>>> print(open('entry12.cif').read())   # mmCIF, C-alpha atoms
data_input
loop_
_atom_site.label_atom_id
_atom_site.label_comp_id
_atom_site.auth_asym_id
_atom_site.auth_seq_id
_atom_site.Cartn_x
_atom_site.Cartn_y
_atom_site.Cartn_z
CA GLY A 176 44.92 6.05 19.73
CA ILE A 177 43.10 5.51 16.47
CA VAL A 178 39.66 5.57 18.13
CA THR A 179 40.40 8.87 19.86
CA SER A 180 41.66 10.42 16.62
CA ARG A 181 38.56 9.35 14.72
CA LEU A 182 36.35 10.74 17.48
CA ILE A 183 38.14 14.09 17.31
CA VAL A 184 37.68 14.22 13.53
CA PHE A 185 33.98 13.27 13.92
CA VAL A 186 33.36 15.98 16.54
CA PHE A 187 35.29 18.59 14.58
CA PHE A 188 33.30 17.79 11.43
CA PHE A 189 29.95 18.39 13.13
CA MET A 190 31.20 21.41 15.05
CA SER A 191 32.17 23.00 11.74
CA LYS A 192 28.55 22.72 10.51
CA ASN A 193 25.96 25.36 11.38
CA LYS A 194 22.34 24.61 12.31
CA TYR A 195 21.35 24.57 8.65
CA GLY A 196 23.87 21.86 7.80
CA TYR A 197 26.30 24.11 5.92
CA ASP A 198 30.00 24.54 6.59
CA THR A 199 30.11 27.49 8.98
CA ALA A 200 33.01 29.32 7.35
CA GLN A 201 31.60 28.84 3.84
CA TYR A 202 28.16 29.99 4.96
CA GLN A 203 29.48 33.13 6.67
CA GLU A 204 31.59 34.01 3.65
CA ALA A 205 28.66 33.62 1.24
CA PHE A 206 26.36 35.59 3.53
CA ALA A 207 28.83 38.48 3.89
CA LYS A 208 29.27 38.66 0.12
CA LEU A 209 25.52 38.57 -0.58
CA LYS A 210 24.74 41.15 2.10
CA ALA A 211 27.33 43.53 0.69
CA GLU A 212 25.79 43.23 -2.77
CA VAL A 213 22.09 43.59 -1.91
CA GLN A 214 21.99 45.79 1.19
CA PRO A 215 22.54 49.11 -0.65
CA SER A 216 19.31 48.59 -2.62
CA MET A 217 17.27 47.21 0.29
CA PRO A 218 14.90 49.30 2.43
CA GLN A 219 15.85 49.62 6.08
CA GLY A 220 14.02 48.00 8.99
CA GLY A 221 10.89 45.90 8.87
CA VAL A 222 11.44 42.48 7.34
CA TYR A 223 14.76 43.46 5.81
CA ASP A 224 17.11 42.01 8.40
CA ASP A 225 19.93 39.48 8.15
CA GLN A 226 17.42 36.65 8.38
CA TYR A 227 15.69 37.95 5.25
CA ILE A 228 18.96 37.75 3.29
CA GLU A 229 19.85 34.34 4.71
CA ARG A 230 16.54 32.78 3.66
CA PHE A 231 17.20 33.51 -0.01
CA LEU A 232 20.83 32.43 0.35
CA ARG A 233 19.78 29.01 1.67
CA ALA A 234 17.03 28.74 -0.95
CA ARG A 235 19.77 28.94 -3.60
CA LYS A 236 22.15 26.68 -1.66
CA LEU A 237 24.74 29.43 -1.06
CA ASP A 238 24.90 30.39 -4.76
CA VAL A 239 25.37 34.14 -4.28
CA PRO A 240 24.51 35.31 -7.85
CA LYS A 241 21.29 33.26 -7.90
CA ALA A 242 20.36 34.40 -4.38
CA LYS A 243 20.94 38.02 -5.39
CA GLU A 244 18.72 37.57 -8.43
CA MET A 245 16.01 36.06 -6.25
CA ILE A 246 16.17 38.93 -3.74
CA GLU A 247 16.01 41.55 -6.49
CA ALA A 248 12.89 39.87 -7.90
CA ASN A 249 11.37 39.75 -4.41
CA LEU A 250 12.08 43.44 -3.78
CA ALA A 251 10.23 44.30 -7.00
CA PHE A 252 7.37 41.98 -5.99
CA ARG A 253 7.10 43.56 -2.55
CA LYS A 254 7.01 47.02 -4.10
CA GLN A 255 4.37 46.00 -6.65
CA TYR A 256 1.99 44.79 -3.91
CA ASN A 257 2.98 47.33 -1.21
CA LEU A 258 3.89 44.52 1.16
CA ASP A 259 5.85 46.73 3.56
CA THR A 260 2.60 48.45 4.57
CA ILE A 261 -0.01 45.81 3.76
CA LEU A 262 -0.64 45.01 7.44
CA ASP A 263 -1.30 48.70 8.14
CA GLY A 264 -4.30 48.61 5.84
CA PRO A 265 -7.62 46.79 6.17
CA GLU A 266 -7.79 43.05 6.64
CA PRO A 267 -8.75 40.92 3.62
CA ASP A 268 -12.31 41.00 2.35
CA LEU A 269 -14.57 39.12 4.77
CA THR A 270 -16.23 37.40 1.81
CA PHE A 271 -13.07 35.37 1.23
CA ARG A 272 -12.72 34.43 4.89
CA LYS A 273 -16.30 33.23 4.90
CA HIS A 274 -15.39 30.72 2.23
CA LEU A 275 -12.11 29.52 3.72
CA PRO A 276 -12.07 29.33 7.55
CA SER A 277 -8.45 29.82 8.60
CA GLY A 278 -6.10 31.80 10.80
CA PHE A 279 -3.01 31.85 13.00
CA PHE A 280 -3.45 30.39 16.44
CA GLY A 281 -1.01 29.19 19.13
CA LYS A 282 2.55 27.91 18.67
CA SER A 283 4.23 24.67 17.68
CA LYS A 284 6.53 22.79 20.04
CA GLN A 285 9.41 24.63 18.36
CA GLY A 286 7.84 27.94 19.38
CA ASN A 287 6.73 28.82 15.84
CA PRO A 288 3.35 30.37 14.92
CA VAL A 289 0.78 27.88 13.60
CA TYR A 290 -1.60 28.59 10.72
CA TRP A 291 -4.75 26.46 10.83
CA GLU A 292 -6.95 25.95 7.78
CA ARG A 293 -10.20 23.97 7.60
CA THR A 294 -9.68 23.23 3.93
CA GLY A 295 -12.31 20.52 3.73
CA ARG A 296 -15.01 22.88 4.94
CA GLY A 297 -13.97 25.57 2.46
CA LYS A 298 -16.40 26.81 -0.15
CA LEU A 299 -13.90 28.33 -2.57
CA HIS A 300 -15.45 26.36 -5.43
CA LEU A 301 -18.55 28.53 -5.00
CA LEU A 302 -16.66 31.82 -4.64
CA LEU A 303 -13.69 31.86 -7.02
CA PRO A 304 -15.49 31.66 -10.41
CA THR A 305 -16.91 35.16 -9.86
CA TYR A 306 -14.48 36.60 -7.29
CA ASP A 307 -11.98 39.37 -8.02
CA PHE A 308 -8.60 37.69 -8.55
CA GLU A 309 -6.70 40.64 -7.08
CA LYS A 310 -8.65 40.26 -3.82
CA THR A 311 -7.60 36.61 -3.74
CA ILE A 312 -3.95 37.61 -4.09
CA HIS A 313 -4.40 40.27 -1.41
CA TRP A 314 -5.71 37.66 1.03
CA LYS A 315 -2.77 35.38 0.33
CA LEU A 316 -0.16 38.12 0.72
CA TRP A 317 -1.79 39.66 3.79
CA THR A 318 -1.86 36.25 5.47
CA GLN A 319 1.74 35.53 4.53
CA GLU A 320 2.96 38.88 5.84
CA LYS A 321 0.96 38.30 9.04
CA GLY A 322 2.91 35.06 9.49
CA VAL A 323 6.24 36.81 8.89
CA LYS A 324 5.33 39.44 11.49
CA LEU A 325 4.34 36.78 14.04
CA CYS A 326 7.64 35.00 13.43
CA GLN A 327 9.56 38.21 14.06
CA ASP A 328 7.58 38.91 17.22
CA CYS A 329 8.41 35.51 18.74
CA GLY A 330 11.96 35.31 17.40
CA SER A 331 11.34 32.34 15.10
CA GLU A 332 12.28 31.75 11.49
CA ARG A 333 9.46 29.50 10.35
CA ALA A 334 5.73 28.96 10.73
CA MET A 335 3.79 25.71 10.79
CA VAL A 336 0.64 24.83 8.83
CA VAL A 337 -2.16 22.41 9.79
CA MET A 338 -4.79 21.67 7.12
CA ASP A 339 -7.97 19.84 8.11
CA MET A 340 -9.58 17.89 5.23
CA ASP A 341 -12.71 16.88 7.12
CA LYS A 342 -15.79 17.08 4.82
CA LEU A 343 -13.65 17.50 1.69
CA LYS A 344 -15.52 16.47 -1.47
CA LEU A 345 -14.33 15.94 -5.02
CA ALA A 346 -16.77 18.63 -6.12
CA ASN A 347 -14.66 21.15 -4.14
CA ALA A 348 -11.61 20.50 -6.34
CA THR A 349 -12.61 22.63 -9.31
CA LYS A 350 -10.01 24.09 -11.65
CA PRO A 351 -10.26 27.61 -10.10
CA VAL A 352 -9.64 26.13 -6.63
CA LEU A 353 -6.66 24.08 -7.79
CA ASP A 354 -5.31 27.10 -9.68
CA PHE A 355 -5.59 29.13 -6.47
CA TYR A 356 -3.52 26.67 -4.45
CA LYS A 357 -1.03 26.37 -7.30
CA LYS A 358 -0.63 30.16 -7.31
CA CYS A 359 -0.13 30.13 -3.53
CA GLY A 360 2.65 27.57 -3.96
CA GLU A 361 4.33 29.70 -6.61
CA ILE A 362 4.18 32.81 -4.42
CA ASP A 363 5.63 30.96 -1.43
CA GLU A 364 8.46 29.39 -3.42
CA ALA A 365 9.54 32.64 -5.09
CA ASN A 366 9.00 35.12 -2.25
CA TYR A 367 8.87 33.32 1.10
CA PRO A 368 11.55 30.62 0.96
CA GLU A 369 12.74 28.85 4.09
CA THR A 370 9.73 30.02 6.15
CA LEU A 371 7.98 26.66 6.57
CA GLU A 372 8.52 24.34 9.52
CA LYS A 373 6.02 21.60 8.58
CA ILE A 374 2.63 21.05 6.96
CA VAL A 375 0.44 18.48 8.71
CA VAL A 376 -2.64 17.38 6.78
CA VAL A 377 -5.24 15.70 9.01
CA ASN A 378 -8.49 13.84 8.30
CA ALA A 379 -7.18 12.93 4.84
CA SER A 380 -9.67 10.56 3.19
CA TRP A 381 -9.44 8.87 -0.20
CA VAL A 382 -10.83 12.11 -1.66
CA PHE A 383 -7.77 14.05 -0.56
CA THR A 384 -5.29 11.36 -1.57
CA SER A 385 -6.91 11.21 -5.01
CA ILE A 386 -6.56 14.97 -5.46
CA TRP A 387 -3.06 14.99 -3.96
CA LYS A 388 -1.97 12.46 -6.57
CA PHE A 389 -1.60 15.31 -9.07
CA ALA A 390 -1.82 18.42 -6.84
CA ARG A 391 1.52 17.56 -5.22
CA TYR A 392 3.25 18.73 -8.39
CA PHE A 393 2.19 22.28 -7.49
CA PHE A 394 4.86 22.25 -4.77
CA ALA A 395 8.63 22.09 -4.93
CA ASP A 396 10.34 18.91 -3.74
CA GLU A 397 11.65 20.73 -0.66
CA ILE A 398 8.07 21.58 0.34
CA GLN A 399 6.75 18.09 -0.36
CA GLN A 400 9.36 16.66 2.00
CA LYS A 401 7.91 18.81 4.79
CA ILE A 402 4.34 17.55 4.33
CA VAL A 403 2.91 14.86 6.62
CA ILE A 404 -0.47 13.33 5.69
CA VAL A 405 -2.60 11.39 8.20
CA GLY A 406 -6.21 10.22 8.32
CA GLY A 407 -8.79 10.36 11.07
CA ASN A 408 -6.49 9.02 13.79
CA TYR A 409 -4.26 12.05 13.58
CA GLU A 410 -3.75 12.96 17.24
CA SER A 411 -0.43 11.24 17.90
CA THR A 412 1.11 12.64 14.71
CA LEU A 413 -0.25 16.15 15.18
CA TYR A 414 0.81 16.25 18.83
CA GLU A 415 4.40 15.48 17.80
CA TRP A 416 4.46 19.01 16.41
CA VAL A 417 1.81 20.92 18.36
CA ALA A 418 0.98 20.28 22.02
CA PRO A 419 -2.69 19.49 22.79
CA GLU A 420 -3.00 22.68 24.84
CA GLN A 421 -1.98 24.67 21.72
CA THR A 422 -4.44 22.82 19.46
CA PRO A 423 -7.94 24.19 18.75
CA THR A 424 -10.86 22.34 20.26
CA TYR A 425 -12.24 21.35 16.84
CA LEU A 426 -9.21 19.05 16.48
CA LYS A 427 -9.67 17.60 19.97
CA GLY A 428 -7.27 20.08 21.50
CA GLY A 429 -7.66 22.06 24.67
CA LYS A 430 -7.31 25.62 23.41
CA ALA A 431 -10.41 27.62 22.57
CA ALA A 432 -9.93 30.59 20.27
CA PRO A 433 -10.33 33.89 22.15
CA ASP A 434 -11.97 35.40 19.09
CA GLN A 435 -14.32 33.04 17.26
CA ASP A 436 -13.94 35.09 14.08
CA TRP A 437 -10.35 33.89 13.71
CA MET A 438 -11.63 30.90 11.73
CA GLY A 439 -14.13 32.81 9.66
CA ASP A 440 -17.89 32.60 9.95
CA LEU A 441 -18.57 28.93 10.73
CA LYS A 442 -22.29 29.58 11.04
CA TYR A 443 -22.14 30.74 7.44
CA MET A 444 -20.38 27.50 6.49
CA ASP A 445 -23.03 25.41 8.21
CA SER A 446 -25.85 27.38 6.60
CA PHE A 447 -25.22 25.62 3.29
CA GLY A 448 -26.47 22.35 4.75
CA ASP A 449 -27.69 19.90 2.14
CA LYS A 450 -28.01 22.69 -0.42
CA GLU A 451 -24.28 22.35 -1.00
CA PHE A 452 -24.80 18.92 -2.55
CA HIS A 453 -26.62 20.54 -5.45
CA GLU A 454 -23.66 22.74 -6.37
CA GLY A 455 -21.71 21.39 -9.34
CA LEU A 456 -23.72 18.16 -9.62
CA ASN A 457 -25.58 16.96 -12.70
CA LYS A 458 -29.30 16.32 -12.36
CA THR A 459 -31.00 13.37 -14.04
CA GLU A 460 -34.53 12.03 -13.70
CA VAL A 461 -34.54 8.23 -13.38
CA LYS A 462 -37.99 6.99 -14.33
CA ALA A 463 -39.80 4.23 -12.44
CA GLY A 464 -38.67 0.77 -13.53
CA LYS A 465 -35.68 2.20 -15.45
CA ALA A 466 -31.96 2.78 -14.88
CA PHE A 467 -29.58 5.61 -15.76
CA GLU A 468 -26.23 4.44 -17.09
CA TYR A 469 -23.15 6.60 -17.48
CA GLN A 470 -20.12 5.33 -19.37
CA VAL A 471 -16.60 6.53 -18.74
CA ALA A 472 -13.41 5.52 -20.57
CA VAL A 473 -10.10 5.02 -18.78
CA SER A 474 -6.82 4.72 -20.65
CA ASN A 475 -4.59 3.22 -17.94
CA ALA A 476 -4.99 0.31 -15.57
CA SER A 477 -4.03 2.60 -12.69
CA ASP A 478 -6.71 5.23 -13.38
CA ILE A 479 -9.23 5.89 -10.62
CA ILE A 480 -12.94 6.28 -11.29
CA ALA A 481 -14.60 8.32 -8.54
CA TRP A 482 -18.21 9.33 -8.02
CA GLU A 483 -20.54 11.38 -5.87
CA TYR A 484 -24.31 11.06 -5.89
CA CYS A 485 -27.46 11.61 -3.89
CA THR A 486 -31.20 11.78 -4.54
CA ILE A 487 -33.61 14.54 -3.72
CA LYS A 488 -36.15 11.94 -2.58
CA HIS A 489 -36.02 8.19 -2.01
CA ASN A 490 -33.06 6.00 -3.08
CA VAL A 491 -31.47 4.21 -6.04
CA GLU A 492 -29.28 1.13 -6.49
CA PHE A 493 -25.73 1.70 -7.64
CA SER A 494 -23.15 -0.53 -9.31
CA VAL A 495 -20.15 -0.36 -11.68
CA LEU A 496 -19.66 -2.70 -14.65
CA ASN A 497 -16.48 -3.33 -16.64
CA ARG A 498 -16.31 -3.58 -20.43
CA ASP A 499 -17.40 -7.25 -20.26
CA GLY A 500 -20.49 -6.38 -18.25
CA ASP A 501 -19.17 -7.88 -15.02
CA GLU A 502 -19.81 -6.06 -11.74
CA VAL A 503 -16.58 -4.63 -10.36
CA VAL A 504 -18.51 -2.69 -7.72
CA GLU A 505 -21.38 -4.82 -6.50
CA LYS A 506 -24.92 -3.49 -6.63
CA GLN A 507 -25.79 -1.66 -3.44
CA LYS A 508 -28.76 0.25 -2.16
CA ILE A 509 -27.68 2.92 0.31
CA GLU A 510 -29.70 5.62 2.02
CA CYS A 511 -28.81 8.52 -0.29
CA HIS A 512 -31.78 10.86 0.17
CA ASP A 513 -30.05 14.26 0.62
CA THR A 514 -26.95 12.36 1.78
CA LEU A 515 -23.96 12.60 -0.54
CA ILE A 516 -22.51 9.15 -1.28
CA THR A 517 -18.89 9.05 -2.45
CA GLY A 518 -16.76 6.19 -3.67
CA SER A 519 -14.00 5.17 -6.04
CA TYR A 520 -12.69 2.21 -8.01
CA LYS A 521 -9.13 1.69 -9.25
CA ALA A 522 -9.34 0.22 -12.72
CA ASP A 523 -7.63 -3.13 -13.25
CA GLN A 524 -7.67 -2.69 -17.04
CA PRO A 525 -8.18 0.11 -19.58
CA GLY A 526 -11.50 0.37 -21.33
CA VAL A 527 -15.05 1.61 -20.86
CA PHE A 528 -16.76 1.25 -17.50
CA THR A 529 -20.46 1.76 -16.87
CA LEU A 530 -21.86 3.34 -13.71
CA VAL A 531 -25.44 2.20 -13.19
CA PHE A 532 -27.98 4.13 -11.11
CA SER A 533 -30.93 1.78 -11.07
CA ASN A 534 -34.56 2.46 -10.23
CA LYS A 535 -35.78 -0.83 -11.72
CA TYR A 536 -36.97 -2.10 -8.37
CA SER A 537 -39.49 0.75 -8.11
CA TYR A 538 -42.58 0.53 -10.33
CA MET A 539 -44.28 3.70 -9.09
CA LYS A 540 -41.77 6.38 -8.14
CA LYS A 541 -39.33 8.28 -10.29
CA LYS A 542 -36.08 9.48 -8.67
CA ASP A 543 -34.31 12.83 -9.06
CA LEU A 544 -30.62 11.92 -9.10
CA LEU A 545 -27.78 14.39 -8.46
CA TRP A 546 -24.43 13.01 -9.55
CA LYS A 547 -20.90 13.61 -10.78
CA VAL A 548 -18.22 11.23 -12.06
CA TYR A 549 -14.48 11.84 -12.24
CA VAL A 550 -11.48 10.08 -13.77
CA ILE A 551 -8.23 10.69 -11.93
CA SER A 552 -5.05 9.84 -13.77
CA GLU A 553 -1.37 10.55 -13.06
CA ASN A 554 -1.23 12.15 -16.49
CA GLN A 555 -4.04 14.61 -15.66
CA LYS A 556 -3.55 17.79 -13.72
CA TYR A 557 -7.23 18.30 -13.00
CA LEU A 558 -10.31 16.26 -12.32
CA ALA A 559 -11.96 15.34 -15.57
#
>>> encode(input="entry12.cif", output="structure tokens")
Amino acid sequence: GIVTSRLIVFVFFFMSKNKYGYDTAQYQEAFAKLKAEVQPSMPQGGVYDDQYIERFLRARKLDVPKAKEMIEANLAFRKQYNLDTILDGPEPDLTFRKHLPSGFFGKSKQGNPVYWERTGRGKLHLLLPTYDFEKTIHWKLWTQEKGVKLCQDCGSERAMVVMDMDKLKLANATKPVLDFYKKCGEIDEANYPETLEKIVVVNASWVFTSIWKFARYFFADEIQQKIVIVGGNYESTLYEWVAPEQTPTYLKGGKAAPDQDWMGDLKYMDSFGDKEFHEGLNKTEVKAGKAFEYQVAVSNASDIIAWEYCTIKHNVEFSVLNRDGDEVVEKQKIECHDTLITGSYKADQPGVFTLVFSNKYSYMKKKDLLWKVYVISENQKYLA
């Protein structure tokens, strides 16, 4: 009857689709045409298999001329950076790994390799201003090719990424650091399409969400749709994608890395200690019985004012005043001796706001204040 006929049509429709959601016949026809056009100019073996061609075909939604153009650009890119033999050479400079603990470890529930990055503990803001840019690119490409090789070895098409934002500070998000991640996004989009299963960001605090407000534009819409962001209670979300026994112990998993160097030199990371607070912060002496006031102008009611501060010795009182002199962040005295205090306030109106670091309660002791203030706006690409 009618129900049976509709069921047959429904089943036939889904049977005619391949696992990527394309019409099977149309997909096969486009693939055969693209392969015939690009294979004569492609090297043999290595990464240059049917899967390589298909990734670019899907990235251009079966548009053969555009996919061919993308492959030709990628072949030139691979030749420029000797990517076919990059894994045969030395691993990336250890200096970079010391400043960004990361590596491949375990598999996702789909059987794909997982790249873990402790982004929040990274110290790229200290390294990149004086680091050789070509070495940075070499690290990115070596790591990407390592992922491609791992995928081939386990018969998978995609890799997964887990980024841990624990200990992330606004001071880490300098322009060189943001430019680095933007460049990584550009490289991935142009040369490694259709290789990502999912990105799970864990331990995302207000610091990360503030940065992500504008950093998300570094990534194509297709990539953004694959990103999941969770805070400190991340276990249930993370374990949807990676089993606990495949998760490193630092994220409450049960798998210890066989080689502790896979995540870089964590002892080196810890050696910064409180000295890291001094990096990138302004220093102001607040005299006894006085206050230091810093004014910042915001142009939109949705702008976010964010701050970081600590003292070298003793404490100060902190508050934020609006243009009328009213407290929008109440005066507070927090233990900030060599402890970095962070906070933010979403403006309810445009205008000038005043951040007050007060030492008026102390008649004898001056305070050495380390501080930095940011304005984060949707119209800004970088922290101001």
>>> residues_around(input="entry12.cif", residues="Pro240 (chain A)", least_positions_apart="5", cutoff="12 Å", atoms="all atoms listed in the file", output="PyMOL selection string")
chain A and resi 205-206+208-210+212-213+231-232+235+245-247
>>> resolve_selection(input="entry12.cif", expression="the PyMOL selection byres ((chain A and resi 539) around 12)", output="MDAnalysis selection string")
chainID A and resid 461:465 489 534:538 540:542
>>> residues_around(input="entry12.cif", residues="Glu372 (chain A)", least_positions_apart="5", cutoff="9 Å", atoms="all atoms listed in the file", output="MDAnalysis selection string")
chainID A and resid 285 287 332:336 401
>>> resolve_selection(input="entry12.cif", expression="the PyMOL selection byres ((chain A and resi 416) around 9)", output="number ranges by chain")
A: 283-285, 335, 373, 375, 412-415, 417-418
>>> closest_atom_pairs(input="entry12.cif", of="region 351-393 of chain A", to="region 303-320 of chain A", cutoff="8 Å", atoms="all atoms listed in the file", output="Markdown table")
| residue | atom | partner | partner_atom | distance |
| --- | --- | --- | --- | --- |
| A:Pro351 | CA | A:Leu303 | CA | 6.3 |
| A:Val352 | CA | A:Leu303 | CA | 7.0 |
| A:Cys359 | CA | A:Lys315 | CA | 7.0 |
>>> atom_distance(input="entry12.cif", atom1="CA of Ile228 (chain A)", atom2="CA of Asn257 (chain A)")
19.2 Å
>>> residues_near_point(input="entry12.cif", point="(-17.3, -7.2, -8.0)", cutoff="12 Å", atoms="all atoms listed in the file", output="list in words")
Ser494, Val495, Leu496, Asn497, Gly500, Asp501, Glu502, Val503, Val504, Glu505, Lys506, Gln507, Tyr520, Ala522 and Asp523 of chain A
>>> residues_around(input="entry12.cif", residues="Tyr356 (chain A)", least_positions_apart="6", cutoff="10 Å", atoms="all atoms listed in the file", output="number ranges by chain")
A: 315, 362, 390, 393-394
>>> atom_distance(input="entry12.cif", atom1="CA of Ala248 (chain A)", atom2="CA of Gln203 (chain A)")
23.1 Å
>>> closest_residue(input="entry12.cif", among="A:Phe271, A:Trp291, A:Phe532, A:Phe279", to="Gln470 (chain A)", atoms="all atoms listed in the file")
A:Phe532
>>> resolve_selection(input="entry12.cif", expression="the PyMOL selection byres ((chain A and resi 428) around 12)", output="VMD selection string")
chain A and resid 281 409 to 411 413 to 414 417 to 427 429 to 432
>>> closest_residue(input="entry12.cif", among="A:Lys236, A:Lys547, A:Lys254, A:Lys458", to="Ala481 (chain A)", atoms="all atoms listed in the file")
A:Lys547
>>> atom_distance(input="entry12.cif", atom1="CA of Tyr197 (chain A)", atom2="CA of Glu244 (chain A)")
21.1 Å
>>> closest_residue(input="entry12.cif", among="A:Asp198, A:Glu468, A:Asp341, A:Glu266", to="Glu292 (chain A)", atoms="only C-alpha atoms")
A:Asp341
>>> closest_residue(input="entry12.cif", among="A:Tyr223, A:Leu456, A:Asn475, A:Lys508", to="Leu250 (chain A)", atoms="only C-alpha atoms")
A:Tyr223
>>> closest_residue(input="entry12.cif", among="A:Leu343, A:Ala200, A:Ala365, A:Ile551", to="Asn249 (chain A)", atoms="only C-alpha atoms")
A:Ala365
>>> closest_residue(input="entry12.cif", among="A:Val382, A:Val377, A:Glu204, A:Glu229", to="Ile402 (chain A)", atoms="all atoms listed in the file")
A:Val377
>>> axis_aligned_box(input="entry12.cif", around="region 337-347 of chain A", padding_each_side="3 Å", output="AutoDock Vina command-line options")
--center_x -9.5 --center_y 19.2 --center_z 1.8 --size_x 20.6 --size_y 12.5 --size_z 21.9
>>> residues_near_point(input="entry12.cif", point="(4.6, 24.3, 1.8)", cutoff="7 Å", atoms="all atoms listed in the file", output="list of chain:residue names")
A:Gly360, A:Leu371, A:Ile374, A:Phe394, A:Ile398, A:Gln399
